[in-house]
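Structure file target.txt (compact mmCIF, C-alpha atoms and all ligand atoms) is printed below.
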# COMPACT_ATOMS: atom_id res chain seq x y z
CA MET Y 1 -27.05 21.05 -5.94
CA SER Y 2 -23.68 21.58 -7.61
CA ASN Y 3 -20.69 19.80 -6.14
CA ARG Y 4 -17.75 22.21 -6.32
CA ASN Y 5 -15.23 19.56 -5.22
CA GLU Y 6 -16.18 17.41 -8.20
CA GLU Y 7 -16.14 20.35 -10.59
CA LEU Y 8 -12.71 21.43 -9.39
CA PHE Y 9 -11.39 17.87 -9.55
CA LEU Y 10 -12.49 17.49 -13.17
CA ARG Y 11 -10.92 20.81 -14.05
CA ALA Y 12 -7.69 20.04 -12.15
CA GLN Y 13 -7.20 16.71 -13.92
CA LYS Y 14 -7.00 18.44 -17.27
CA ARG Y 15 -3.83 20.31 -16.31
CA ILE Y 16 -2.36 18.62 -13.25
CA PRO Y 17 -1.49 14.89 -13.23
CA ALA Y 18 -4.32 13.17 -11.32
CA GLY Y 19 -5.49 16.67 -10.38
CA VAL Y 20 -3.09 16.92 -7.45
CA ASN Y 21 0.39 18.16 -6.64
CA SER Y 22 1.28 15.28 -4.32
CA PRO Y 23 0.00 11.73 -4.93
CA VAL Y 24 -1.79 10.76 -1.68
CA ARG Y 25 -4.08 13.79 -2.05
CA ALA Y 26 -5.74 12.16 -5.08
CA PHE Y 27 -7.84 9.84 -2.84
CA ARG Y 28 -6.96 6.96 -5.18
CA ALA Y 29 -6.37 4.58 -2.27
CA VAL Y 30 -9.71 5.31 -0.61
CA GLY Y 31 -11.72 6.12 -3.74
CA GLY Y 32 -13.98 9.09 -4.35
CA THR Y 33 -13.33 12.74 -5.02
CA PRO Y 34 -10.57 14.59 -3.17
CA LEU Y 35 -11.69 17.59 -1.20
CA PHE Y 36 -10.56 20.99 -2.38
CA PHE Y 37 -10.10 23.14 0.69
CA GLU Y 38 -10.80 26.83 0.88
CA ARG Y 39 -10.00 27.87 4.42
CA ALA Y 40 -9.02 26.59 7.83
CA SER Y 41 -9.15 27.72 11.42
CA GLY Y 42 -7.92 25.94 14.56
CA PRO Y 43 -8.93 22.27 14.24
CA HIS Y 44 -11.30 22.88 11.30
CA LEU Y 45 -11.15 22.88 7.51
CA TRP Y 46 -13.82 24.01 5.05
CA ASP Y 47 -14.05 22.44 1.61
CA ALA Y 48 -15.19 23.99 -1.66
CA ASN Y 49 -18.81 23.03 -0.87
CA GLY Y 50 -18.59 24.98 2.38
CA LYS Y 51 -18.67 21.78 4.50
CA ARG Y 52 -16.69 21.88 7.74
CA TYR Y 53 -14.38 19.06 8.92
CA ILE Y 54 -12.39 18.32 12.05
CA ASP Y 55 -8.88 17.89 10.67
CA TYR Y 56 -6.51 15.08 11.67
CA VAL Y 57 -4.09 15.55 8.77
CA GLY Y 58 -2.82 18.96 9.85
CA SER Y 59 -1.22 19.51 6.43
CA TRP Y 60 0.62 16.21 7.12
CA GLY Y 61 2.15 17.47 10.34
CA PRO Y 62 3.08 21.16 10.37
CA MET Y 63 -0.10 22.53 11.93
CA VAL Y 64 0.75 21.58 15.50
CA ALA Y 65 -0.67 24.86 16.83
CA GLY Y 66 -3.86 24.52 14.77
CA HIS Y 67 -4.70 26.29 11.54
CA THR Y 68 -4.25 30.05 11.10
CA HIS Y 69 -3.06 30.57 14.68
CA PRO Y 70 -3.18 34.35 15.19
CA ALA Y 71 0.45 34.54 16.40
CA VAL Y 72 1.68 32.70 13.31
CA VAL Y 73 -0.49 34.64 10.86
CA GLU Y 74 0.59 37.94 12.40
CA ALA Y 75 4.28 36.99 12.17
CA VAL Y 76 3.83 36.00 8.52
CA GLN Y 77 1.98 39.19 7.66
CA ALA Y 78 4.61 41.34 9.35
CA ALA Y 79 7.46 39.50 7.60
CA ALA Y 80 5.71 39.67 4.22
CA ALA Y 81 5.22 43.40 4.59
CA ARG Y 82 8.98 43.80 5.14
CA ALA Y 83 10.15 41.56 2.28
CA LEU Y 84 9.13 38.37 0.50
CA SER Y 85 12.66 37.21 -0.24
CA PHE Y 86 16.20 38.54 -0.16
CA GLY Y 87 18.28 35.56 -1.22
CA ALA Y 88 20.66 36.88 1.45
CA PRO Y 89 21.04 36.35 5.21
CA THR Y 90 18.57 37.74 7.76
CA GLU Y 91 18.53 37.92 11.55
CA SER Y 92 15.39 35.77 11.71
CA GLU Y 93 17.31 32.81 10.24
CA ILE Y 94 19.78 33.03 13.12
CA GLU Y 95 16.89 33.11 15.58
CA LEU Y 96 15.34 30.00 14.04
CA ALA Y 97 18.71 28.21 13.98
CA GLU Y 98 19.29 29.15 17.63
CA ALA Y 99 15.80 27.98 18.63
CA ILE Y 100 16.32 24.63 16.89
CA CYS Y 101 19.74 24.08 18.49
CA ALA Y 102 18.36 25.00 21.93
CA LEU Y 103 15.51 22.49 21.64
CA MET Y 104 17.62 19.70 20.13
CA PRO Y 105 21.07 19.72 21.71
CA SER Y 106 22.45 17.13 19.26
CA ILE Y 107 22.17 19.88 16.64
CA GLU Y 108 25.27 22.04 17.02
CA MET Y 109 24.91 23.66 13.62
CA VAL Y 110 21.96 23.71 11.27
CA ARG Y 111 21.23 24.74 7.73
CA LEU Y 112 17.76 25.78 6.57
CA VAL Y 113 16.31 24.54 3.28
CA SER Y 114 12.82 24.60 1.80
CA SER Y 115 11.45 21.08 2.29
CA GLY Y 116 11.93 17.83 4.13
CA THR Y 117 13.02 16.18 0.88
CA GLU Y 118 15.83 18.70 0.47
CA ALA Y 119 16.85 18.15 4.08
CA THR Y 120 17.12 14.36 3.81
CA MET Y 121 18.68 14.46 0.35
CA THR Y 122 21.39 16.80 1.60
CA ALA Y 123 21.93 14.93 4.85
CA ILE Y 124 22.67 11.80 2.79
CA ARG Y 125 25.11 13.69 0.58
CA LEU Y 126 26.75 15.17 3.65
CA ALA Y 127 27.10 11.76 5.33
CA ARG Y 128 28.69 10.42 2.15
CA GLY Y 129 30.99 13.42 1.82
CA PHE Y 130 32.00 13.21 5.47
CA THR Y 131 32.73 9.49 5.52
CA GLY Y 132 33.96 9.08 1.94
CA ARG Y 133 31.62 6.06 1.66
CA ASP Y 134 28.71 5.43 -0.74
CA THR Y 135 26.42 2.86 0.88
CA ILE Y 136 23.43 4.05 2.85
CA VAL Y 137 20.98 2.04 4.93
CA LYS Y 138 17.25 2.70 5.20
CA PHE Y 139 14.27 0.69 6.40
CA GLU Y 140 11.41 -0.68 4.34
CA GLY Y 141 8.30 1.47 4.68
CA CYS Y 142 10.19 4.49 5.97
CA TYR Y 143 9.76 7.50 3.72
CA HIS Y 144 12.37 10.24 3.61
CA GLY Y 145 11.11 12.39 0.77
CA HIS Y 146 11.54 11.75 -2.91
CA ALA Y 147 15.27 11.99 -3.61
CA ASP Y 148 16.58 9.14 -5.81
CA SER Y 149 18.65 7.34 -3.16
CA LEU Y 150 15.72 7.28 -0.77
CA LEU Y 151 12.91 6.14 -3.07
CA VAL Y 152 13.78 2.53 -2.54
CA LYS Y 153 11.11 0.45 -0.76
CA ALA Y 154 9.68 3.70 0.58
CA GLY Y 155 6.48 4.38 2.50
CA SER Y 156 3.79 7.07 2.21
CA GLY Y 157 2.37 7.63 -1.28
CA ALA Y 158 5.06 5.44 -2.84
CA LEU Y 159 3.73 2.52 -0.81
CA THR Y 160 0.08 3.55 -1.09
CA PHE Y 161 0.20 3.46 -4.87
CA GLY Y 162 2.34 0.37 -5.24
CA HIS Y 163 5.58 1.99 -6.39
CA PRO Y 164 7.71 1.80 -3.24
CA SER Y 165 10.78 1.80 -5.48
CA SER Y 166 10.11 4.50 -8.03
CA ALA Y 167 10.57 4.20 -11.76
CA GLY Y 168 13.18 6.66 -12.96
CA VAL Y 169 15.68 5.89 -10.21
CA PRO Y 170 18.75 4.46 -11.97
CA GLU Y 171 19.78 1.01 -10.75
CA ASP Y 172 23.29 2.43 -10.35
CA ILE Y 173 21.95 4.77 -7.66
CA ALA Y 174 19.52 2.37 -6.00
CA ARG Y 175 22.20 -0.29 -5.51
CA HIS Y 176 23.93 1.95 -2.99
CA THR Y 177 20.82 1.89 -0.78
CA VAL Y 178 20.55 -1.17 1.44
CA VAL Y 179 17.04 -1.72 2.77
CA LEU Y 180 16.45 -3.59 6.03
CA ASP Y 181 13.42 -4.37 8.21
CA TYR Y 182 12.39 -1.66 10.67
CA ASN Y 183 12.67 -2.80 14.30
CA GLU Y 184 14.90 -5.79 13.44
CA ILE Y 185 18.34 -5.67 15.05
CA GLU Y 186 19.86 -8.91 13.82
CA PRO Y 187 19.98 -8.10 10.08
CA LEU Y 188 21.59 -4.80 10.98
CA GLU Y 189 24.29 -6.51 12.99
CA THR Y 190 24.91 -8.95 10.16
CA LEU Y 191 25.15 -6.13 7.61
CA PHE Y 192 27.53 -4.06 9.71
CA ALA Y 193 29.68 -7.10 10.47
CA ALA Y 194 30.05 -7.78 6.74
CA ARG Y 195 30.14 -4.29 5.26
CA GLY Y 196 30.55 -1.83 8.15
CA SER Y 197 33.43 0.04 6.54
CA GLU Y 198 31.34 0.80 3.41
CA ILE Y 199 28.37 2.33 5.22
CA ALA Y 200 28.12 6.11 5.10
CA CYS Y 201 24.96 6.38 7.15
CA VAL Y 202 21.81 4.84 8.49
CA ILE Y 203 18.74 7.01 8.03
CA VAL Y 204 15.67 6.21 10.08
CA GLU Y 205 12.35 7.66 11.14
CA PRO Y 206 12.79 7.16 14.91
CA VAL Y 207 9.01 6.73 15.00
CA ALA Y 208 7.87 5.51 11.59
CA GLY Y 209 5.02 7.68 10.35
CA ASN Y 210 4.80 6.80 6.68
CA MET Y 211 3.64 3.20 6.98
CA ASN Y 212 0.88 4.28 9.33
CA LEU Y 213 2.50 4.70 12.78
CA ILE Y 214 5.07 2.18 14.00
CA LEU Y 215 6.83 2.67 17.32
CA PRO Y 216 10.48 1.71 17.70
CA ARG Y 217 10.86 -1.52 19.67
CA PRO Y 218 12.93 -1.10 22.84
CA GLY Y 219 16.58 -1.50 21.88
CA PHE Y 220 16.18 -0.80 18.15
CA LEU Y 221 17.32 2.84 18.16
CA GLU Y 222 19.99 2.00 20.74
CA ALA Y 223 21.37 -0.69 18.43
CA LEU Y 224 21.48 1.78 15.55
CA ARG Y 225 23.45 4.21 17.68
CA GLU Y 226 25.87 1.58 18.86
CA LEU Y 227 26.54 0.09 15.42
CA CYS Y 228 26.99 3.47 13.74
CA THR Y 229 29.44 4.59 16.41
CA LYS Y 230 31.38 1.34 16.24
CA HIS Y 231 31.72 1.42 12.45
CA GLY Y 232 32.14 5.17 11.91
CA ALA Y 233 28.81 5.55 10.10
CA VAL Y 234 26.63 8.63 10.50
CA LEU Y 235 23.31 8.09 12.26
CA VAL Y 236 20.63 10.28 10.68
CA PHE Y 237 17.31 10.72 12.48
CA ASP Y 238 14.62 11.88 10.11
CA GLU Y 239 12.53 13.96 12.49
CA VAL Y 240 10.59 15.79 9.79
CA MET Y 241 7.40 14.35 11.32
CA THR Y 242 8.43 13.70 14.90
CA GLY Y 243 10.39 16.89 15.58
CA PHE Y 244 8.73 19.04 18.30
CA ARG Y 245 5.76 16.66 18.23
CA VAL Y 246 6.54 13.39 19.97
CA ALA Y 247 8.36 15.48 22.57
CA LEU Y 248 9.56 19.07 22.59
CA GLY Y 249 13.05 17.79 21.79
CA GLY Y 250 11.70 15.30 19.24
CA ALA Y 251 12.02 11.52 19.23
CA GLN Y 252 15.69 11.83 20.16
CA ALA Y 253 14.67 13.40 23.48
CA ARG Y 254 11.80 10.97 24.03
CA TYR Y 255 13.96 7.88 23.48
CA GLY Y 256 17.23 9.34 24.75
CA ILE Y 257 19.35 8.74 21.63
CA ARG Y 258 21.74 11.33 20.22
CA PRO Y 259 21.91 11.10 16.41
CA ASP Y 260 24.82 12.56 14.44
CA LEU Y 261 22.53 14.38 12.02
CA THR Y 262 18.84 15.28 12.20
CA THR Y 263 16.51 16.29 9.41
CA LEU Y 264 13.57 18.56 10.14
CA GLY Y 265 10.61 20.07 8.31
CA LYS Y 266 6.87 20.50 8.88
CA VAL Y 267 6.62 22.11 12.38
CA ILE Y 268 9.70 24.33 11.84
CA GLY Y 269 7.83 25.94 8.94
CA GLY Y 270 4.51 26.25 10.76
CA GLY Y 271 2.72 25.56 7.46
CA MET Y 272 5.23 27.32 5.21
CA PRO Y 273 7.96 25.55 3.21
CA VAL Y 274 10.91 25.08 5.57
CA GLY Y 275 13.20 22.11 6.08
CA ALA Y 276 16.51 21.83 7.91
CA PHE Y 277 19.38 19.47 8.50
CA GLY Y 278 21.81 19.80 11.33
CA GLY Y 279 23.92 17.98 13.84
CA ARG Y 280 27.52 17.46 14.84
CA ARG Y 281 29.70 20.50 14.20
CA ASP Y 282 32.52 18.46 12.63
CA ILE Y 283 30.08 17.00 10.11
CA MET Y 284 28.23 20.25 9.40
CA GLN Y 285 31.55 21.98 8.72
CA LYS Y 286 31.86 19.86 5.58
CA ILE Y 287 29.02 21.85 4.00
CA ALA Y 288 29.92 24.47 1.36
CA PRO Y 289 31.44 27.00 1.57
CA LEU Y 290 33.19 25.68 4.72
CA GLY Y 291 33.71 22.29 3.11
CA PRO Y 292 33.37 20.33 -0.12
CA VAL Y 293 29.75 19.10 0.16
CA TYR Y 294 27.53 21.35 -1.91
CA GLN Y 295 24.04 22.55 -1.08
CA ALA Y 296 22.28 25.80 -1.98
CA GLY Y 297 18.81 27.29 -2.45
CA THR Y 298 17.35 30.57 -3.69
CA LEU Y 299 14.57 30.37 -1.11
CA SER Y 300 16.53 28.67 1.69
CA GLY Y 301 15.82 30.59 4.89
CA ASN Y 302 13.05 32.57 3.20
CA PRO Y 303 12.04 35.33 5.64
CA VAL Y 304 8.28 34.77 5.44
CA ALA Y 305 8.58 31.01 5.91
CA VAL Y 306 11.08 31.45 8.72
CA ALA Y 307 8.71 33.87 10.48
CA ALA Y 308 5.98 31.21 10.47
CA GLY Y 309 8.41 28.61 11.79
CA LEU Y 310 9.74 30.83 14.54
CA ALA Y 311 6.27 31.82 15.72
CA THR Y 312 5.25 28.15 15.76
CA LEU Y 313 8.34 27.07 17.68
CA LYS Y 314 7.65 29.81 20.24
CA LEU Y 315 4.15 28.40 20.78
CA VAL Y 316 5.37 24.83 20.95
CA SER Y 317 8.01 25.79 23.53
CA GLN Y 318 5.43 27.12 25.99
CA PRO Y 319 5.37 25.00 29.14
CA GLY Y 320 2.85 22.17 28.88
CA PHE Y 321 2.07 22.74 25.19
CA VAL Y 322 3.35 19.39 23.91
CA GLN Y 323 1.94 17.47 26.90
CA ARG Y 324 -1.53 18.98 26.45
CA ILE Y 325 -1.74 17.77 22.85
CA GLU Y 326 -0.42 14.38 23.88
CA ASP Y 327 -3.24 14.16 26.44
CA SER Y 328 -5.86 15.03 23.80
CA THR Y 329 -4.35 12.46 21.44
CA ARG Y 330 -4.45 9.80 24.15
CA ALA Y 331 -8.13 10.63 24.90
CA LEU Y 332 -8.93 10.24 21.20
CA ILE Y 333 -7.13 6.92 20.90
CA ASP Y 334 -8.64 5.47 24.10
CA GLY Y 335 -12.11 6.52 22.93
CA LEU Y 336 -11.65 4.93 19.50
CA ILE Y 337 -10.42 1.67 21.00
CA ALA Y 338 -13.41 1.52 23.37
CA GLN Y 339 -15.89 2.20 20.59
CA ALA Y 340 -14.38 -0.32 18.21
CA ALA Y 341 -14.64 -2.92 20.96
CA GLN Y 342 -18.32 -2.07 21.42
CA ALA Y 343 -18.92 -2.31 17.68
CA LYS Y 344 -16.93 -5.59 17.60
CA VAL Y 345 -14.65 -4.29 14.86
CA PRO Y 346 -11.12 -5.73 14.80
CA PHE Y 347 -9.22 -2.57 15.62
CA SER Y 348 -6.20 -1.23 17.46
CA ALA Y 349 -4.67 2.21 17.85
CA GLN Y 350 -1.69 3.87 19.49
CA CYS Y 351 -0.11 7.27 19.81
CA VAL Y 352 3.13 8.96 20.72
CA GLY Y 353 3.04 12.66 21.48
CA SER Y 354 0.48 14.08 19.08
CA MET Y 355 0.97 11.47 16.34
CA PHE Y 356 -1.40 8.53 16.18
CA GLY Y 357 -2.04 5.36 14.23
CA ILE Y 358 -5.32 3.52 13.76
CA TYR Y 359 -5.26 -0.02 12.48
CA PHE Y 360 -7.98 -2.36 11.31
CA ARG Y 361 -6.26 -5.29 12.95
CA ASP Y 362 -6.54 -6.70 16.51
CA VAL Y 363 -3.03 -5.78 17.61
CA ALA Y 364 -1.06 -2.65 16.69
CA PRO Y 365 1.57 -3.58 14.08
CA ALA Y 366 5.26 -3.38 14.98
CA SER Y 367 6.77 -4.14 11.58
CA PHE Y 368 6.32 -3.44 7.90
CA ALA Y 369 5.13 -7.03 7.37
CA GLU Y 370 2.42 -6.53 9.99
CA VAL Y 371 1.37 -3.23 8.43
CA MET Y 372 0.80 -5.17 5.22
CA THR Y 373 -1.87 -7.24 6.98
CA LEU Y 374 -4.09 -4.22 7.76
CA ASP Y 375 -7.64 -4.46 6.45
CA ARG Y 376 -7.50 -1.70 3.85
CA ASP Y 377 -11.08 -2.15 2.67
CA ARG Y 378 -12.36 -1.58 6.17
CA PHE Y 379 -10.11 1.43 6.59
CA ASN Y 380 -11.45 2.88 3.34
CA ALA Y 381 -15.05 2.36 4.47
CA PHE Y 382 -14.25 3.96 7.84
CA PHE Y 383 -12.49 6.87 6.14
CA HIS Y 384 -15.58 7.65 4.04
CA ALA Y 385 -17.99 7.15 6.94
CA MET Y 386 -15.96 9.65 8.99
CA LEU Y 387 -15.68 12.07 6.08
CA GLU Y 388 -19.43 12.02 5.66
CA ARG Y 389 -19.72 12.91 9.35
CA GLY Y 390 -17.29 15.81 9.07
CA VAL Y 391 -14.00 14.23 10.18
CA TYR Y 392 -11.02 14.41 7.84
CA LEU Y 393 -8.48 11.59 8.22
CA ALA Y 394 -5.49 10.95 5.95
CA PRO Y 395 -6.78 9.31 2.76
CA SER Y 396 -4.55 6.26 3.11
CA ALA Y 397 -4.18 3.40 5.58
CA PHE Y 398 -0.42 4.04 5.52
CA GLU Y 399 -0.25 7.54 6.98
CA ALA Y 400 -0.05 8.65 10.60
CA GLY Y 401 -2.63 11.05 12.06
CA PHE Y 402 -1.87 14.38 13.71
CA VAL Y 403 -3.62 16.24 16.52
CA SER Y 404 -3.09 19.94 17.20
CA ALA Y 405 -3.24 22.18 20.25
CA SER Y 406 -6.54 23.54 18.95
CA HIS Y 407 -8.27 20.16 19.22
CA GLY Y 408 -10.15 20.57 22.49
CA ILE Y 409 -12.57 18.33 24.38
CA ALA Y 410 -15.42 19.43 22.08
CA GLU Y 411 -13.58 18.27 18.93
CA ILE Y 412 -12.45 15.00 20.49
CA GLU Y 413 -16.00 14.25 21.63
CA ALA Y 414 -17.46 15.16 18.24
CA THR Y 415 -14.88 12.90 16.58
CA LEU Y 416 -15.74 10.02 18.91
CA ALA Y 417 -19.46 10.50 18.22
CA ALA Y 418 -18.74 10.28 14.48
CA ALA Y 419 -16.50 7.27 15.07
CA ARG Y 420 -19.21 5.44 17.06
CA GLU Y 421 -21.62 5.60 14.12
CA SER Y 422 -18.89 4.95 11.55
CA LEU Y 423 -17.55 1.88 13.34
CA GLN Y 424 -21.07 0.48 13.72
CA SER Y 425 -21.67 1.04 10.02
CA ILE Y 426 -18.61 -1.02 9.06
CA ALA Y 427 -18.91 -3.76 11.69
CA PRO Y 428 -18.47 -7.32 10.37
N1 LIG C 501 4.22 12.48 1.84
C1 LIG C 501 3.23 13.16 2.62
C2 LIG C 501 2.64 12.26 3.63
N2 LIG C 501 3.53 11.49 4.38
C3 LIG C 501 2.13 13.70 1.76
C4 LIG C 501 2.37 15.09 1.44
C5 LIG C 501 1.20 15.78 0.73
O1 LIG C 501 0.45 15.15 0.01
O2 LIG C 501 1.07 16.96 0.94

Write out the structure in this file as structure tokens.
Ligand code: HOZ
Amino acid sequence: MSNRNEELFLRAQKRIPAGVNSPVRAFRAVGGTPLFFERASGPHLWDANGKRYIDYVGSWGPMVAGHTHPAVVEAVQAAAARALSFGAPTESEIELAEAICALMPSIEMVRLVSSGTEATMTAIRLARGFTGRDTIVKFEGCYHGHADSLLVKAGSGALTFGHPSSAGVPEDIARHTVVLDYNEIEPLETLFAARGSEIACVIVEPVAGNMNLILPRPGFLEALRELCTKHGAVLVFDEVMTGFRVALGGAQARYGIRPDLTTLGKVIGGGMPVGAFGGRRDIMQKIAPLGPVYQAGTLSGNPVAVAAGLATLKLVSQPGFVQRIEDSTRALIDGLIAQAAQAKVPFSAQCVGSMFGIYFRDVAPASFAEVMTLDRDRFNAFFHAMLERGVYLAPSAFEAGFVSASHGIAEIEATLAAARESLQSIAP
């Protein structure tokens, strides 16, 4: 029988580096042939061979309502029939901006862009322009897209493929990025004490989702807030992953911290390319043409993408929506932990909202160093065992998992049945 995935992969590699348009998709970490998908519905994906999978990647986060949700598809079709792009303002952009500001009160003004990378890149520029300072602080293993300043000891594919600090980033740029350990307060205090007046901003994933899933230790985000306020630095929460997922108001609502700027993406595009950065009015007023910090984009606020985002935010805002997915995610995690214990596989797992992490390690990691001790070979074997049984997990031990509102009891049970066999097959 012909294997269409393999045929497509061979063909793709002739014209596209590694056959993919984003590195983790190449399956290099886990081995084997990447799946080429043809369609999706609710919690399911179908690959080029026609095989169906329960999806826990969710396009890396945006598909919180499930794939091809009728309300989102209808909104997109209606918007596309009106216009694909104007390169000029539309009412729907105001509606999306208003919806974002209503759900995240720290965002007083917001600008829409086309990707999370654009959002974080511009937030950094804005923080520098606002403070007149050059130094930025990030945390090892956090990934904030692929802008030069941020590809220093980064997570996600950069970590997966062993280039956490990318080639091609000039040393002159990288030296302005100070990298500290996630969840460690003392080095932060030491840095601020020594160089507080040079620091433009601290950018952080309030829940780290690009070195698998790492929860903030109690006090860590609070310390960031306190130090930034004390030293006049801008606190940037990268909520591209966590926004409208770990709570309706994002991680900032869940942990009760008000950042100065927030970057968004994924859910606010509902599967279409949308990113955003927003926050304090006095900072946002530095953006061109109000102020001297430049940012622009032909497709920023694209009406079709905005329609998908708005429709998704409407669904997410329904009472109980976020809690229901959190409950499903919890059921999944509890089931996996119980089955790993039965199979005697060293394993731990945790979740926050509808994001989850699974770890081939006895205790859930709380730091980058602990993430580095995960048993990657066992993860890879588990990944393939699950794939064979029709469950699609992220093809890397360093990515978080995502559950959607369309994952019901039937999908969770089917996943746990696949996991039972998979865990037994990889038991020591
Ligand atoms: N950087 C994304 C995961 N954290 C992967 C994006 C993609 O491959 O689409």

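Of note, CA of Asp282 in chain Y and CA of Ala200 in chain Y are spaced 15.1 Å apart.
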
Around ligand LIG 501 (chain C), at most 12 Å away and counting all atoms listed in the file, which residues are there? Put them as JSON, numbers by chain, please.
{"Y": [20, 21, 22, 23, 24, 25, 26, 27, 34, 57, 58, 59, 60, 61, 62, 115, 116, 117, 141, 142, 143, 144, 145, 146, 151, 154, 155, 156, 157, 158, 159, 160, 161, 205, 208, 209, 210, 211, 212, 213, 240, 241, 242, 265, 266, 271, 272, 273, 394, 395, 396, 397, 398, 399, 400, 401, 402]}

Selected residue of minimal separation from Ile409 in chain Y among Y:Pro346, Y:Pro43, Y:Ala97, Y:Gly250, counting only C-alpha atoms:
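Of all the options, Y:Pro43 lies closest to Ile409 in chain Y.
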
Neighbour list for range 77-94 of chain Y as a PyMOL selection string, cut-off 9 Å, all atoms listed in the file, skip fewer than 5 positions in-chain
chain Y and resi 72+99+112+297-308+310

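Residues surrounding Ile325 in chain Y within 8 Å are Gly353, Ser354, Val403, Ser404, Ala405 and His407 of chain Y [only C-alpha atoms; sequence separation below 6 positions excluded].
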
Go ahead and write the selection's residues with C-alpha atoms as a compact mmCIF listing (two decimals), keeping the file's coordinate frame.
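Contents of selection.txt, freshly written:
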# COMPACT_ATOMS: atom_id res chain seq x y z
CA GLY Y 353 3.04 12.66 21.48
CA SER Y 354 0.48 14.08 19.08
CA VAL Y 403 -3.62 16.24 16.52
CA SER Y 404 -3.09 19.94 17.20
CA ALA Y 405 -3.24 22.18 20.25
CA HIS Y 407 -8.27 20.16 19.22
